[in-house]
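First up is the structure itself, then whatever we jot down about it.
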Amino acid sequence: MAESEVVARLVAATCPKCGAGVRIDPDNEYVTCGYCGVSSFIQTKRRQPTEEAIRAHQPVIHLENTARRISGCVSALISVGVLGVFGVVLSGLFASNLPRLAQHFLGIDAGVTVPITVPGFPSAFTPPALPVEENLFANPNLAKLKMEERLGKPVMAKRLVLYSAYANLTAQDPKQKNHLDTYFYRSGVLQEPQPERLSGRDKDVEKIVFSLDAIDFGRVPGLLASAATDLAIEQGAVSHVIIERGNFGRTAPVVRVYVTGPRDSGYVEYDLNGRRTRVVK
């Protein structure tokens, strides 16, 4: 099997929150469970959980077997040295910068200056710094506005999951209304959608979506503070917020604020008016 096929293959793993199966691209920092909506940090030998993930007690999926991916990248870099009349120059370039190039293309030192030198030519390459993280708990409208730019108004959502620095939206395709797609948003960037597989009641898309315009996002920061107080979880912090249609025959959207600590977790559910409807701990 070609090495490129190995590199492109997704890795099967288990959601640490609910136990459902997830498919992981080890190049990504996060994966969102399609069953429970929780995003987990993807830890590898070369990527440890961020301070943000640790502070929010984020679930972590450990991927140890990354050697084949690394060897594939290194092999690709070394193979450039056979390029005809430029072979000598290119071989010197890659030989002197191979460790740093491998780090750069694997995303290990994203946002850090990586000087790359060419024999006989003074030069330095600085990859663009990572954008400044947004605080979506303080201003969730940032994600909503970007989603409206892509999908138009109103955005008809099945589920919106907010984390402090990123969000996941599962929404109706405005052009093909029997389709649902999932979007990942972070730092002002909305990635290309991933198709959502439909089953059971989800096949009737019109009955499970709601307009994001129905949500007063200005209430969200206050609900986060209220949930943390009501649950009183030791060393607890808000991990994420899920906005979706209610269960048990209710059609109006609800807002669930999840609080997680090292020993316990729970959530508080609110209606659109900010009234507490459920406390689960």
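Following the order of the structure tokens, first chain is A, next is B, and so on, with residues numbered from 1 inside each chain and ligands from 1 in the order they appear.
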request  = May I have all residues of region 144-272 of chain A that DSSP, computed from the backbone, assigns to strand (DSSP E), given as a PyMOL selection string?
outcome  = chain A and resi 156-162+166-172+180-186+189-190+194-195+210-211+237-245+253-260+265-270
I need the residues from that last selection saved to file as a short mmCIF file (atom, residue, chain, number, x, y, z; two decimals), in the first residue's frame (with C-alpha atoms), if you can.
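The result, stored in selection.cif:
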data_model
loop_
_atom_site.label_atom_id
_atom_site.label_comp_id
_atom_site.auth_asym_id
_atom_site.auth_seq_id
_atom_site.Cartn_x
_atom_site.Cartn_y
_atom_site.Cartn_z
CA MET A 156 -31.42 26.57 10.57
CA ALA A 157 -29.54 24.49 13.11
CA LYS A 158 -29.95 21.03 14.53
CA ARG A 159 -27.30 21.61 17.19
CA LEU A 160 -24.79 24.30 18.14
CA VAL A 161 -22.02 23.36 20.57
CA LEU A 162 -20.01 26.23 22.04
CA TYR A 166 -14.32 27.17 19.18
CA ALA A 167 -17.75 25.93 18.12
CA ASN A 168 -19.41 23.11 16.18
CA LEU A 169 -22.60 23.69 14.21
CA THR A 170 -24.81 21.05 12.63
CA ALA A 171 -27.13 22.88 10.24
CA GLN A 172 -29.48 22.46 7.33
CA LEU A 180 -27.43 18.34 7.32
CA ASP A 181 -23.76 19.35 7.52
CA THR A 182 -21.40 19.95 10.44
CA TYR A 183 -19.13 23.01 10.52
CA PHE A 184 -16.13 23.67 12.78
CA TYR A 185 -15.46 27.31 13.74
CA ARG A 186 -12.36 28.74 15.38
CA VAL A 189 -12.55 30.77 10.40
CA LEU A 190 -15.42 28.46 9.47
CA GLN A 194 -18.67 17.65 6.73
CA PRO A 195 -21.85 15.76 5.69
CA PHE A 210 -34.55 25.65 14.60
CA SER A 211 -33.51 29.19 13.71
CA ALA A 237 -15.55 24.97 35.21
CA VAL A 238 -17.93 25.34 32.29
CA SER A 239 -16.71 22.97 29.59
CA HIS A 240 -19.26 23.56 26.83
CA VAL A 241 -22.78 24.67 25.94
CA ILE A 242 -25.20 22.72 23.74
CA ILE A 243 -28.16 24.45 22.07
CA GLU A 244 -30.68 22.15 20.39
CA ARG A 245 -34.34 21.23 20.28
CA PRO A 253 -34.78 25.00 21.60
CA VAL A 254 -33.08 24.67 24.99
CA VAL A 255 -29.67 25.75 26.27
CA ARG A 256 -27.66 23.20 28.29
CA VAL A 257 -24.62 24.44 30.18
CA TYR A 258 -22.16 21.66 31.12
CA VAL A 259 -19.85 22.03 34.12
CA THR A 260 -16.98 19.57 34.64
CA SER A 265 -19.81 16.79 36.23
CA GLY A 266 -23.33 17.87 35.38
CA TYR A 267 -25.44 20.31 33.39
CA VAL A 268 -28.23 22.84 33.82
CA GLU A 269 -30.89 23.25 31.13
CA TYR A 270 -32.59 26.58 30.41
#
message = Residues near region 22-29 of chain A, anyone? I mean within 7 Å using only C-alpha atoms, not counting same-chain ones fewer than 5 positions away, as a PyMOL selection string.
response = chain A and resi 10-15+41-42
task = Excluding Ile233 (chain A) and residues on its chain fewer than 2 positions from it, collect all residues at most 7 Å away from it, counting only C-alpha atoms, and give them as an MDAnalysis selection string.
result = chainID A and resid 231 235:236 261 264:265
If you keep N, CA and C atoms, can you produce a file of those selected residues as a PDB file, in the first residue's frame?
ATOM      1  N   LEU A 231     -24.672  24.215  40.246  1.00  0.00           N
ATOM      2  CA  LEU A 231     -24.120  22.864  40.352  1.00  0.00           C
ATOM      3  C   LEU A 231     -23.085  22.755  41.466  1.00  0.00           C
ATOM      4  N   GLN A 235     -13.967  22.441  42.103  1.00  0.00           N
ATOM      5  CA  GLN A 235     -13.002  22.811  41.067  1.00  0.00           C
ATOM      6  C   GLN A 235     -13.630  22.737  39.678  1.00  0.00           C
ATOM      7  N   GLY A 236     -14.923  22.941  39.623  1.00  0.00           N
ATOM      8  CA  GLY A 236     -15.627  22.836  38.357  1.00  0.00           C
ATOM      9  C   GLY A 236     -15.485  24.076  37.489  1.00  0.00           C
ATOM     10  N   GLY A 261     -15.667  18.963  36.582  1.00  0.00           N
ATOM     11  CA  GLY A 261     -14.570  19.042  37.537  1.00  0.00           C
ATOM     12  C   GLY A 261     -13.822  17.734  37.555  1.00  0.00           C
ATOM     13  N   ASP A 264     -16.461  15.280  39.403  1.00  0.00           N
ATOM     14  CA  ASP A 264     -17.893  15.238  39.113  1.00  0.00           C
ATOM     15  C   ASP A 264     -18.191  16.117  37.908  1.00  0.00           C
ATOM     16  N   SER A 265     -19.377  15.954  37.345  1.00  0.00           N
ATOM     17  CA  SER A 265     -19.814  16.788  36.232  1.00  0.00           C
ATOM     18  C   SER A 265     -21.337  16.825  36.215  1.00  0.00           C
TER      19      SER A 265
END
request  = Rounded to one decimal place, report the CA of Leu212 (chain A)-CA of Gly21 (chain A) distance in Å.
outcome  = 28.7 Å
key: Point-to-point distance in Å for CA of Ile208 (chain A) and CA of Thr251 (chain A)   =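 Pair CA of Thr251 (chain A) / CA of Ile208 (chain A) returns 8.1 Å.
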inquiry  = Set the distance at 10 Å and use only C-alpha atoms: which residues neighbour Asn273 (chain A) once local chain neighbours fewer than 4 positions away are removed? I'd like the list as a PyMOL selection string.
reply    = chain A and resi 215-216+219+254
query = CA of Pro16 (chain A) to CA of Lys45 (chain A): how many Å, to one decimal?
reply =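 Result for CA of Pro16 (chain A) versus CA of Lys45 (chain A): 18.6 Å, one decimal.
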message = I'd like to know which of A:Gly152, A:Asp230, A:Pro262, A:Lys144 is closest to Gln58 (chain A), using only C-alpha atoms.
response =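 Closest residue, counting only C-alpha atoms: A:Pro262.
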Given only C-alpha atoms as the counted atoms, nearest of A:Asp213, A:Ser199, A:His179, A:Gln191 to Lys153 (chain A) =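 With only C-alpha atoms as the atom set, the closest residue is A:Asp213.
Proximity to Ser39 (chain A) at 8 Å, evaluated using only C-alpha atoms and with sequence-adjacent residues fewer than 2 positions away removed, yields Tyr30, Val31, Thr32, Cys33, Gly37, Phe41, Gln58 and Pro59 of chain A.
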Export of the given selection (C-alpha atoms) as a PDB file, in the first residue's frame:
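Written out: again18.pdb:
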ATOM      1  CA  TYR A  30      -9.992  18.123  18.264  1.00  0.00           C
ATOM      2  CA  VAL A  31     -12.665  15.646  17.219  1.00  0.00           C
ATOM      3  CA  THR A  32     -16.380  16.041  17.933  1.00  0.00           C
ATOM      4  CA  CYS A  33     -18.489  13.005  18.767  1.00  0.00           C
ATOM      5  CA  GLY A  37     -21.701  16.421  20.656  1.00  0.00           C
ATOM      6  CA  PHE A  41      -8.572  16.834  22.493  1.00  0.00           C
ATOM      7  CA  GLN A  58     -11.653  18.500  28.276  1.00  0.00           C
ATOM      8  CA  PRO A  59     -11.878  14.785  27.415  1.00  0.00           C
TER       9      PRO A  59
END
